[in-house]
$ cat target-v8.txt   # compact mmCIF, C-alpha atoms and all ligand atoms
# COMPACT_ATOMS: atom_id res chain seq x y z
CA MET I 20 237.87 38.00 -7.39
CA LEU I 21 239.32 39.94 -10.28
CA ILE I 22 237.99 43.51 -10.20
CA VAL I 23 237.79 45.62 -13.36
CA GLY I 24 237.00 49.29 -12.61
CA GLU I 25 234.30 50.47 -15.05
CA LEU I 26 234.31 54.25 -14.52
CA ILE I 27 236.44 55.41 -17.50
CA ASN I 28 233.59 55.02 -19.96
CA SER I 29 232.50 57.76 -22.37
CA SER I 30 228.85 56.89 -21.75
CA ARG I 31 229.35 58.73 -18.43
CA LYS I 32 228.88 62.48 -18.85
CA ALA I 33 231.90 63.58 -16.76
CA VAL I 34 234.19 61.21 -18.67
CA LYS I 35 232.81 62.23 -22.08
CA GLU I 36 233.47 65.88 -21.22
CA ALA I 37 236.97 65.17 -19.86
CA ILE I 38 237.88 63.29 -23.05
CA GLU I 39 236.57 66.06 -25.31
CA ALA I 40 238.46 68.68 -23.30
CA GLU I 41 241.57 66.43 -23.17
CA ASN I 42 241.52 66.91 -19.40
CA THR I 43 244.29 64.52 -18.34
CA GLY I 44 243.91 65.31 -14.62
CA VAL I 45 240.28 64.16 -14.40
CA ILE I 46 240.94 60.87 -16.21
CA GLN I 47 244.10 60.09 -14.24
CA GLN I 48 242.33 60.79 -10.93
CA ILE I 49 239.51 58.36 -11.82
CA ALA I 50 242.15 55.75 -12.65
CA ARG I 51 243.99 56.29 -9.33
CA ASP I 52 240.77 56.31 -7.27
CA GLN I 53 239.67 52.99 -8.76
CA HIS I 54 243.06 51.34 -8.32
CA GLU I 55 243.32 52.54 -4.70
CA ASN I 56 239.88 51.08 -4.03
CA GLY I 57 240.66 47.62 -5.34
CA ALA I 58 240.55 47.63 -9.15
CA ASP I 59 243.02 45.10 -10.63
CA TYR I 60 242.32 46.37 -14.18
CA ILE I 61 241.11 49.78 -15.40
CA ASP I 62 238.47 49.46 -18.12
CA ILE I 63 238.75 52.08 -20.85
CA ASN I 64 235.82 52.61 -23.20
CA ALA I 65 235.32 55.47 -25.67
CA GLY I 66 232.69 53.62 -27.68
CA THR I 67 230.34 56.58 -27.91
CA PHE I 68 232.87 58.47 -30.07
CA VAL I 69 232.26 56.83 -33.42
CA GLY I 70 235.00 57.85 -35.87
CA LYS I 71 237.25 59.30 -33.13
CA GLU I 72 237.28 56.20 -30.93
CA ALA I 73 240.74 54.92 -31.96
CA ARG I 74 242.35 58.29 -31.35
CA TYR I 75 240.70 58.71 -27.92
CA MET I 76 241.48 55.13 -26.85
CA THR I 77 245.15 55.68 -27.75
CA TRP I 78 245.16 58.81 -25.62
CA LEU I 79 243.38 57.01 -22.73
CA VAL I 80 245.67 53.99 -22.62
CA GLU I 81 248.82 56.11 -22.39
CA LEU I 82 247.28 58.39 -19.79
CA VAL I 83 246.00 55.62 -17.55
CA GLN I 84 249.28 53.71 -17.75
CA ALA I 85 251.17 56.84 -16.70
CA ALA I 86 248.87 57.21 -13.67
CA VAL I 87 248.62 53.68 -12.22
CA GLU I 88 250.49 50.38 -12.16
CA ALA I 89 247.30 48.45 -12.99
CA PRO I 90 246.89 47.28 -16.60
CA CYS I 91 243.96 48.35 -18.79
CA CYS I 92 240.93 46.40 -19.92
CA ILE I 93 240.53 47.51 -23.52
CA ASP I 94 236.77 47.75 -24.04
CA SER I 95 235.55 48.48 -27.56
CA PRO I 96 232.75 47.42 -29.87
CA ASP I 97 235.23 47.74 -32.76
CA PRO I 98 237.85 44.94 -33.13
CA LYS I 99 240.01 47.29 -35.24
CA VAL I 100 240.23 49.74 -32.35
CA ILE I 101 241.35 46.99 -29.97
CA GLU I 102 243.98 45.86 -32.47
CA ALA I 103 245.26 49.42 -32.90
CA VAL I 104 245.50 50.18 -29.17
CA LEU I 105 247.07 46.90 -28.05
CA PRO I 106 250.69 47.53 -29.13
CA LEU I 107 250.74 50.79 -27.12
CA HIS I 108 249.94 49.01 -23.88
CA LYS I 109 252.93 48.11 -21.70
CA GLY I 110 252.63 44.70 -20.02
CA THR I 111 249.60 42.51 -20.63
CA PRO I 112 246.15 44.09 -20.87
CA MET I 113 242.75 42.45 -20.80
CA ILE I 114 240.75 42.41 -24.03
CA ASN I 115 237.03 43.24 -23.84
CA SER I 116 235.83 41.34 -25.73
CA ILE I 117 235.87 38.50 -28.24
CA SER I 118 232.56 36.75 -29.03
CA LEU I 119 231.18 34.07 -31.32
CA GLU I 120 229.97 36.71 -33.81
CA LYS I 121 231.93 35.66 -36.89
CA GLU I 122 233.30 39.04 -37.89
CA ARG I 123 234.39 39.85 -34.35
CA TYR I 124 235.84 36.40 -33.70
CA ASP I 125 237.85 36.32 -36.95
CA ALA I 126 239.24 39.82 -36.35
CA LEU I 127 240.27 39.26 -32.73
CA LEU I 128 241.52 35.66 -32.71
CA PRO I 129 244.88 36.53 -34.35
CA VAL I 130 245.22 39.43 -31.90
CA VAL I 131 244.88 37.26 -28.77
CA SER I 132 246.27 33.93 -30.00
CA GLY I 133 249.71 33.17 -28.59
CA THR I 134 249.71 36.20 -26.24
CA ASP I 135 249.45 36.24 -22.46
CA CYS I 136 246.50 38.68 -22.50
CA LYS I 137 243.42 37.89 -20.49
CA VAL I 138 240.42 37.89 -22.79
CA ILE I 139 236.72 38.34 -22.08
CA ALA I 140 234.67 35.85 -24.10
CA LEU I 141 231.21 37.39 -24.45
CA CYS I 142 228.30 34.98 -24.92
CA MET I 143 227.03 36.59 -28.12
CA SER I 144 226.65 34.94 -31.51
CA ASP I 145 225.28 35.97 -34.90
CA ALA I 146 221.95 34.53 -33.68
CA GLY I 147 221.80 37.45 -31.21
CA MET I 148 221.57 37.71 -27.42
CA PRO I 149 221.28 34.53 -25.36
CA GLU I 150 218.01 34.03 -23.47
CA THR I 151 218.43 30.84 -21.48
CA LYS I 152 221.13 29.04 -19.53
CA ALA I 153 221.33 26.55 -22.43
CA ASP I 154 221.94 29.37 -24.98
CA ARG I 155 224.74 30.75 -22.83
CA LEU I 156 226.37 27.38 -22.16
CA SER I 157 226.27 26.45 -25.84
CA ILE I 158 227.98 29.71 -26.93
CA ALA I 159 230.47 29.50 -24.04
CA SER I 160 231.41 25.90 -24.88
CA GLU I 161 232.03 26.63 -28.53
CA LEU I 162 234.03 29.78 -27.72
CA ILE I 163 236.17 28.11 -25.04
CA ASN I 164 236.93 25.09 -27.24
CA LYS I 165 237.88 27.24 -30.23
CA LEU I 166 240.04 29.60 -28.18
CA VAL I 167 241.90 26.81 -26.39
CA LYS I 168 242.50 25.03 -29.73
CA ASN I 169 243.99 28.29 -31.01
CA ASN I 170 246.57 28.81 -28.27
CA VAL I 171 244.59 30.85 -25.78
CA PRO I 172 245.23 29.29 -22.35
CA LEU I 173 242.02 28.32 -20.52
CA GLU I 174 243.09 30.29 -17.44
CA ASN I 175 243.27 33.51 -19.51
CA ILE I 176 239.63 33.20 -20.62
CA TYR I 177 236.93 35.16 -18.72
CA VAL I 178 233.50 34.09 -20.00
CA ASP I 179 230.83 36.82 -19.77
CA PRO I 180 227.41 35.11 -19.93
CA LEU I 181 225.77 38.52 -20.49
CA VAL I 182 223.46 40.04 -17.90
CA GLN I 183 220.03 41.17 -19.12
CA PRO I 184 217.47 43.40 -17.31
CA ILE I 185 215.30 41.55 -14.78
CA SER I 186 212.61 44.18 -15.44
CA THR I 187 212.05 42.77 -18.94
CA ASN I 188 211.87 39.06 -18.03
CA ASP I 189 211.77 37.62 -14.53
CA ALA I 190 213.77 34.55 -15.66
CA TYR I 191 216.85 36.55 -16.70
CA GLY I 192 218.50 36.50 -13.26
CA ARG I 193 218.09 32.75 -12.84
CA GLU I 194 219.18 31.91 -16.40
CA PHE I 195 222.36 33.98 -15.94
CA LEU I 196 223.17 32.53 -12.51
CA ASN I 197 222.64 28.93 -13.65
CA ALA I 198 224.89 29.63 -16.66
CA ILE I 199 227.70 30.78 -14.33
CA GLU I 200 227.39 27.56 -12.36
CA ALA I 201 227.33 25.36 -15.48
CA ILE I 202 230.32 27.08 -17.12
CA MET I 203 232.44 26.95 -13.94
CA THR I 204 231.53 23.25 -13.41
CA GLU I 205 232.04 22.04 -16.98
CA PHE I 206 235.29 23.92 -17.64
CA PRO I 207 237.42 23.76 -14.48
CA GLY I 208 240.13 26.43 -14.67
CA VAL I 209 238.15 28.88 -16.83
CA HIS I 210 236.95 32.15 -15.29
CA THR I 211 233.67 34.07 -15.45
CA ILE I 212 233.11 37.82 -15.36
CA CYS I 213 230.21 40.21 -15.93
CA GLY I 214 229.08 43.79 -15.93
CA LEU I 215 226.27 43.83 -13.38
CA SER I 216 224.45 47.05 -13.93
CA ASN I 217 222.19 45.72 -16.72
CA ILE I 218 220.36 43.50 -14.22
CA SER I 219 218.78 46.54 -12.53
CA TYR I 220 218.01 48.55 -15.66
CA GLY I 221 214.62 50.30 -15.41
CA LEU I 222 214.20 49.74 -11.64
CA PRO I 223 214.70 52.02 -8.60
CA GLU I 224 217.54 51.57 -6.06
CA ARG I 225 219.73 49.97 -8.69
CA LYS I 226 222.74 49.65 -6.38
CA LEU I 227 220.76 47.41 -4.03
CA LEU I 228 219.81 45.01 -6.85
CA ASN I 229 223.37 45.03 -8.22
CA GLN I 230 224.81 44.20 -4.79
CA ALA I 231 222.35 41.36 -4.10
CA PHE I 232 222.92 39.92 -7.57
CA MET I 233 226.69 40.03 -7.08
CA VAL I 234 226.43 37.98 -3.89
CA MET I 235 224.23 35.40 -5.67
CA ALA I 236 226.64 35.19 -8.61
CA ILE I 237 229.65 34.69 -6.31
CA CYS I 238 227.74 31.82 -4.73
CA LYS I 239 227.52 30.22 -8.21
CA GLY I 240 231.28 30.67 -8.81
CA LEU I 241 231.65 34.09 -10.48
CA ASP I 242 235.29 35.15 -10.07
CA GLY I 243 235.49 38.42 -12.01
CA ALA I 244 233.43 41.63 -12.07
CA ILE I 245 233.29 44.86 -14.07
CA ILE I 246 232.05 47.29 -11.43
CA ASN I 247 232.43 50.65 -9.76
CA PRO I 248 235.05 49.98 -7.06
CA MET I 249 234.12 53.29 -5.40
CA ASP I 250 230.85 51.63 -4.33
CA ARG I 251 232.01 50.69 -0.82
CA ARG I 252 229.01 48.52 -0.05
CA MET I 253 229.51 46.55 -3.28
CA MET I 254 233.17 45.95 -2.38
CA ALA I 255 232.31 44.92 1.20
CA ASN I 256 229.66 42.52 -0.11
CA ILE I 257 232.21 40.96 -2.46
CA HIS I 258 234.68 40.39 0.40
CA ALA I 259 231.96 38.90 2.61
CA ALA I 260 230.48 36.66 -0.12
CA GLU I 261 233.83 35.26 -1.21
CA THR I 262 234.69 34.35 2.35
CA LEU I 263 231.26 32.78 2.94
CA ALA I 264 231.49 30.84 -0.35
CA GLY I 265 234.65 29.12 0.90
CA ARG I 266 237.06 30.97 -1.34
CA ASP I 267 239.13 32.62 1.39
CA GLU I 268 241.37 30.26 3.33
CA TYR I 269 241.48 31.06 7.07
CA CYS I 270 239.31 34.13 6.22
CA SER I 271 242.61 35.89 5.61
CA ASN I 272 241.41 38.19 2.80
CA TYR I 273 238.38 39.16 4.88
CA LEU I 274 240.59 40.01 7.85
CA THR I 275 243.03 41.97 5.66
CA ALA I 276 240.11 43.98 4.21
CA TYR I 277 238.86 44.63 7.76
CA ARG I 278 242.27 45.92 8.85
CA LYS I 279 242.42 48.21 5.82
CA GLY I 280 239.09 49.68 6.96
CA VAL I 281 237.19 48.81 3.79
CA LEU I 282 234.43 46.81 5.53
CA ALA I 283 233.30 49.32 8.14
CA ASP I 284 230.25 51.55 7.51
CA ALA I 285 229.88 50.28 3.98
N1 LIG O 1 230.32 43.15 -20.12
C1 LIG O 1 231.54 43.46 -20.63
N2 LIG O 1 231.96 44.74 -20.78
C2 LIG O 1 231.13 45.75 -20.44
C3 LIG O 1 229.86 45.49 -19.91
C4 LIG O 1 229.46 44.14 -19.75
N3 LIG O 1 231.55 47.05 -20.62
C5 LIG O 1 230.63 48.14 -20.44
C6 LIG O 1 229.59 47.86 -19.37
N4 LIG O 1 229.04 46.55 -19.53
C7 LIG O 1 230.23 47.98 -18.00
N5 LIG O 1 230.64 49.33 -17.78
C8 LIG O 1 229.81 50.33 -17.27
C9 LIG O 1 230.35 51.59 -17.15
C10 LIG O 1 229.62 52.61 -16.59
C11 LIG O 1 228.34 52.38 -16.16
C12 LIG O 1 227.79 51.13 -16.28
C13 LIG O 1 228.53 50.09 -16.84
C14 LIG O 1 227.59 53.50 -15.56
N6 LIG O 1 226.27 53.43 -15.50
C15 LIG O 1 225.49 54.49 -14.92
C16 LIG O 1 225.24 54.25 -13.46
O1 LIG O 1 225.32 53.09 -13.03
O2 LIG O 1 225.01 55.20 -12.74
C17 LIG O 1 224.18 54.61 -15.62
C18 LIG O 1 224.37 54.91 -17.06
C19 LIG O 1 223.04 54.90 -17.76
O3 LIG O 1 222.38 53.83 -17.77
O4 LIG O 1 222.70 55.94 -18.27
O5 LIG O 1 228.14 54.47 -15.10
O6 LIG O 1 228.35 43.84 -19.27
N7 LIG O 1 232.36 42.44 -20.97

$ encode --input "target-v8.txt" --output "structure tokens" --more "lines below"
Ligand code: THG
Amino acid sequence: MLIVGELINSSRKAVKEAIEAENTGVIQQIARDQHENGADYIDINAGTFVGKEARYMTWLVELVQAAVEAPCCIDSPDPKVIEAVLPLHKGTPMINSISLEKERYDALLPVVSGTDCKVIALCMSDAGMPETKADRLSIASELINKLVKNNVPLENIYVDPLVQPISTNDAYGREFLNAIEAIMTEFPGVHTICGLSNISYGLPERKLLNQAFMVMAICKGLDGAIINPMDRRMMANIHAAETLAGRDEYCSNYLTAYRKGVLADA
């Protein structure tokens, strides 16, 4: 399971304040904490700073790279910001995200084509948010085919079928989960990823719902997640579910996690 640590996001108050104060220590500590707790990539998102986003993202990428060996996941609603930040990143980052929205697709394709970057392919089109499994599969298919045709290797594509709040429609969990299964079955070698926290929006005990949903998604084949790696119970659930889903030969990852102490009292 590829883990992207989500905590360096300006929608979080502490991060917003650290960015505004140019507090390098706070940001670098969040990066180190996430990496030490299992993040393979460190998501950086300053999307709430309209107008100043490019400047803050430039600052964040250099700061995070100075603090940890893990590469960044460059998360921006603005394709121009992603394009501007990319050359500053040493090694190969993850791009979050391309979609089927025409403007976004046309701007980002030349940026990812022919590189070795991992790219999140978000199931969004100009028709809006997907509702059903069929909507998601149709957008995913078109995106995957176009990207592969344009020199983006299948194994670098992480499809995000887009999680929507279960509190607004009781079918949203099922439609998402069935989309994961369909995408992983129809495109062997592609990956799937998601941010989970939308599923629990508007409900109490959100962590519980996020954890249960993660286990269900792993059962359907999900192999990437944008999460808070400091949530010990979430991380323990991921280790357990991957082993139980048959994705851990000889249970060796489970046993390694146990020896590191990350499963106990989670
Ligand atoms: N898919 C992709 N990228 C994404 C998302 C996704 N990037 C952003 C987001 N979703 C994932 N990142 C975060 C970062 C922080 C928080 C949630 C998601 C967060 N949430 C607060 C919490 O959980 O306590 C609540 C914030 C609020 O709702 O006010 O900290 O889906 N490709």

$ residues_near_ligand --input "target-v8.txt" --ligand "ligand LIG 1 (chain O)" --cutoff "7 Å" --atoms "only C-alpha atoms and all ligand atoms" --output "mmCIF file with C-alpha atoms, keeping the file's coordinate frame"
data_model
loop_
_atom_site.group_PDB
_atom_site.id
_atom_site.type_symbol
_atom_site.label_atom_id
_atom_site.label_comp_id
_atom_site.auth_asym_id
_atom_site.auth_seq_id
_atom_site.Cartn_x
_atom_site.Cartn_y
_atom_site.Cartn_z
ATOM 1 C CA GLU I 25 234.300 50.470 -15.050
ATOM 2 C CA LEU I 26 234.310 54.250 -14.520
ATOM 3 C CA ASN I 28 233.590 55.020 -19.960
ATOM 4 C CA SER I 30 228.850 56.890 -21.750
ATOM 5 C CA ARG I 31 229.350 58.730 -18.430
ATOM 6 C CA ASP I 94 236.770 47.750 -24.040
ATOM 7 C CA ASN I 115 237.030 43.240 -23.840
ATOM 8 C CA SER I 116 235.830 41.340 -25.730
ATOM 9 C CA ILE I 139 236.720 38.340 -22.080
ATOM 10 C CA LEU I 141 231.210 37.390 -24.450
ATOM 11 C CA ASP I 179 230.830 36.820 -19.770
ATOM 12 C CA LEU I 181 225.770 38.520 -20.490
ATOM 13 C CA VAL I 182 223.460 40.040 -17.900
ATOM 14 C CA CYS I 213 230.210 40.210 -15.930
ATOM 15 C CA GLY I 214 229.080 43.790 -15.930
ATOM 16 C CA LEU I 215 226.270 43.830 -13.380
ATOM 17 C CA SER I 216 224.450 47.050 -13.930
ATOM 18 C CA ASN I 217 222.190 45.720 -16.720
ATOM 19 C CA ILE I 245 233.290 44.860 -14.070
ATOM 20 C CA ILE I 246 232.050 47.290 -11.430
#

$ residues_around --input "target-v8.txt" --residues "Ala244 of chain I" --least-positions-apart "5" --cutoff "9 Å" --atoms "all atoms listed in the file" --output "list of chain:residue names"
I:Met20, I:Leu21, I:Ile22, I:Val23, I:Gly24, I:Thr211, I:Ile212, I:Cys213, I:Gly214, I:Leu215, I:Met233

$ atom_distance --input "target-v8.txt" --atom1 "atom CA of Pro207 of chain I" --atom2 "atom CA of Asn170 of chain I"
17.3 Å

$ residues_around --input "target-v8.txt" --residues "Ile49 of chain I" --least-positions-apart "5" --cutoff "9 Å" --atoms "all atoms listed in the file" --output "ChimeraX atom specification"
/I:26-27,44,54

$ atom_distance --input "target-v8.txt" --atom1 "atom CA of Leu82 of chain I" --atom2 "atom CA of Asp62 of chain I"
12.7 Å

$ residues_around --input "target-v8.txt" --residues "Tyr75 of chain I" --least-positions-apart "4" --cutoff "12 Å" --atoms "only C-alpha atoms" --output "ChimeraX atom specification"
/I:27-29,34-35,37-43,46,63-71,79-82,95,100-101,103-104

$ write_last_selection --input "target-v8.txt" --atoms "C-alpha atoms" --output "CSV table (one decimal), in the coordinates of the input"
chain,number,residue,atom,x,y,z
I,27,ILE,CA,236.4,55.4,-17.5
I,28,ASN,CA,233.6,55.0,-20.0
I,29,SER,CA,232.5,57.8,-22.4
I,34,VAL,CA,234.2,61.2,-18.7
I,35,LYS,CA,232.8,62.2,-22.1
I,37,ALA,CA,237.0,65.2,-19.9
I,38,ILE,CA,237.9,63.3,-23.0
I,39,GLU,CA,236.6,66.1,-25.3
I,40,ALA,CA,238.5,68.7,-23.3
I,41,GLU,CA,241.6,66.4,-23.2
I,42,ASN,CA,241.5,66.9,-19.4
I,43,THR,CA,244.3,64.5,-18.3
I,46,ILE,CA,240.9,60.9,-16.2
I,63,ILE,CA,238.8,52.1,-20.8
I,64,ASN,CA,235.8,52.6,-23.2
I,65,ALA,CA,235.3,55.5,-25.7
I,66,GLY,CA,232.7,53.6,-27.7
I,67,THR,CA,230.3,56.6,-27.9
I,68,PHE,CA,232.9,58.5,-30.1
I,69,VAL,CA,232.3,56.8,-33.4
I,70,GLY,CA,235.0,57.8,-35.9
I,71,LYS,CA,237.2,59.3,-33.1
I,79,LEU,CA,243.4,57.0,-22.7
I,80,VAL,CA,245.7,54.0,-22.6
I,81,GLU,CA,248.8,56.1,-22.4
I,82,LEU,CA,247.3,58.4,-19.8
I,95,SER,CA,235.6,48.5,-27.6
I,100,VAL,CA,240.2,49.7,-32.4
I,101,ILE,CA,241.4,47.0,-30.0
I,103,ALA,CA,245.3,49.4,-32.9
I,104,VAL,CA,245.5,50.2,-29.2

$ residues_around --input "target-v8.txt" --residues "segment 277-283 of chain I" --least-positions-apart "6" --cutoff "12 Å" --atoms "only C-alpha atoms" --output "list in words"
Glu55, Asn56, Gly57, Pro248, Met249, Asp250, Arg251, Arg252, Met253, Met254, Ala255, Asn256, Ile257, His258, Ala259, Cys270 and Ser271 of chain I

$ atom_distance --input "target-v8.txt" --atom1 "atom CA of Pro96 of chain I" --atom2 "atom CA of Arg123 of chain I"
8.9 Å

$ residues_around --input "target-v8.txt" --residues "Glu120 of chain I" --least-positions-apart "6" --cutoff "9 Å" --atoms "only C-alpha atoms" --output "MDAnalysis selection string"
chainID I and resid 143:147

$ closest_residue --input "target-v8.txt" --among "I:Glu122, I:Asn175, I:Ile199, I:Ile93" --to "Asp135 of chain I" --atoms "only C-alpha atoms"
I:Asn175

$ closest_residue --input "target-v8.txt" --among "I:Val178, I:Ala231, I:Leu156, I:Ala140" --to "Glu194 of chain I" --atoms "only C-alpha atoms"
I:Leu156

$ closest_residue --input "target-v8.txt" --among "I:Val209, I:Ile114, I:Ile185, I:Ala285" --to "Glu150 of chain I" --atoms "all atoms listed in the file"
I:Ile185

$ closest_residue --input "target-v8.txt" --among "I:Thr151, I:Gln48, I:Thr111, I:Ser157" --to "Val138 of chain I" --atoms "only C-alpha atoms"
I:Thr111

$ closest_residue --input "target-v8.txt" --among "I:Gly240, I:Gly265, I:Pro180, I:Pro172" --to "Glu200 of chain I" --atoms "all atoms listed in the file"
I:Gly240

$ closest_residue --input "target-v8.txt" --among "I:Leu119, I:Val130, I:Ala86, I:Val171" --to "Ala159 of chain I" --atoms "only C-alpha atoms"
I:Leu119
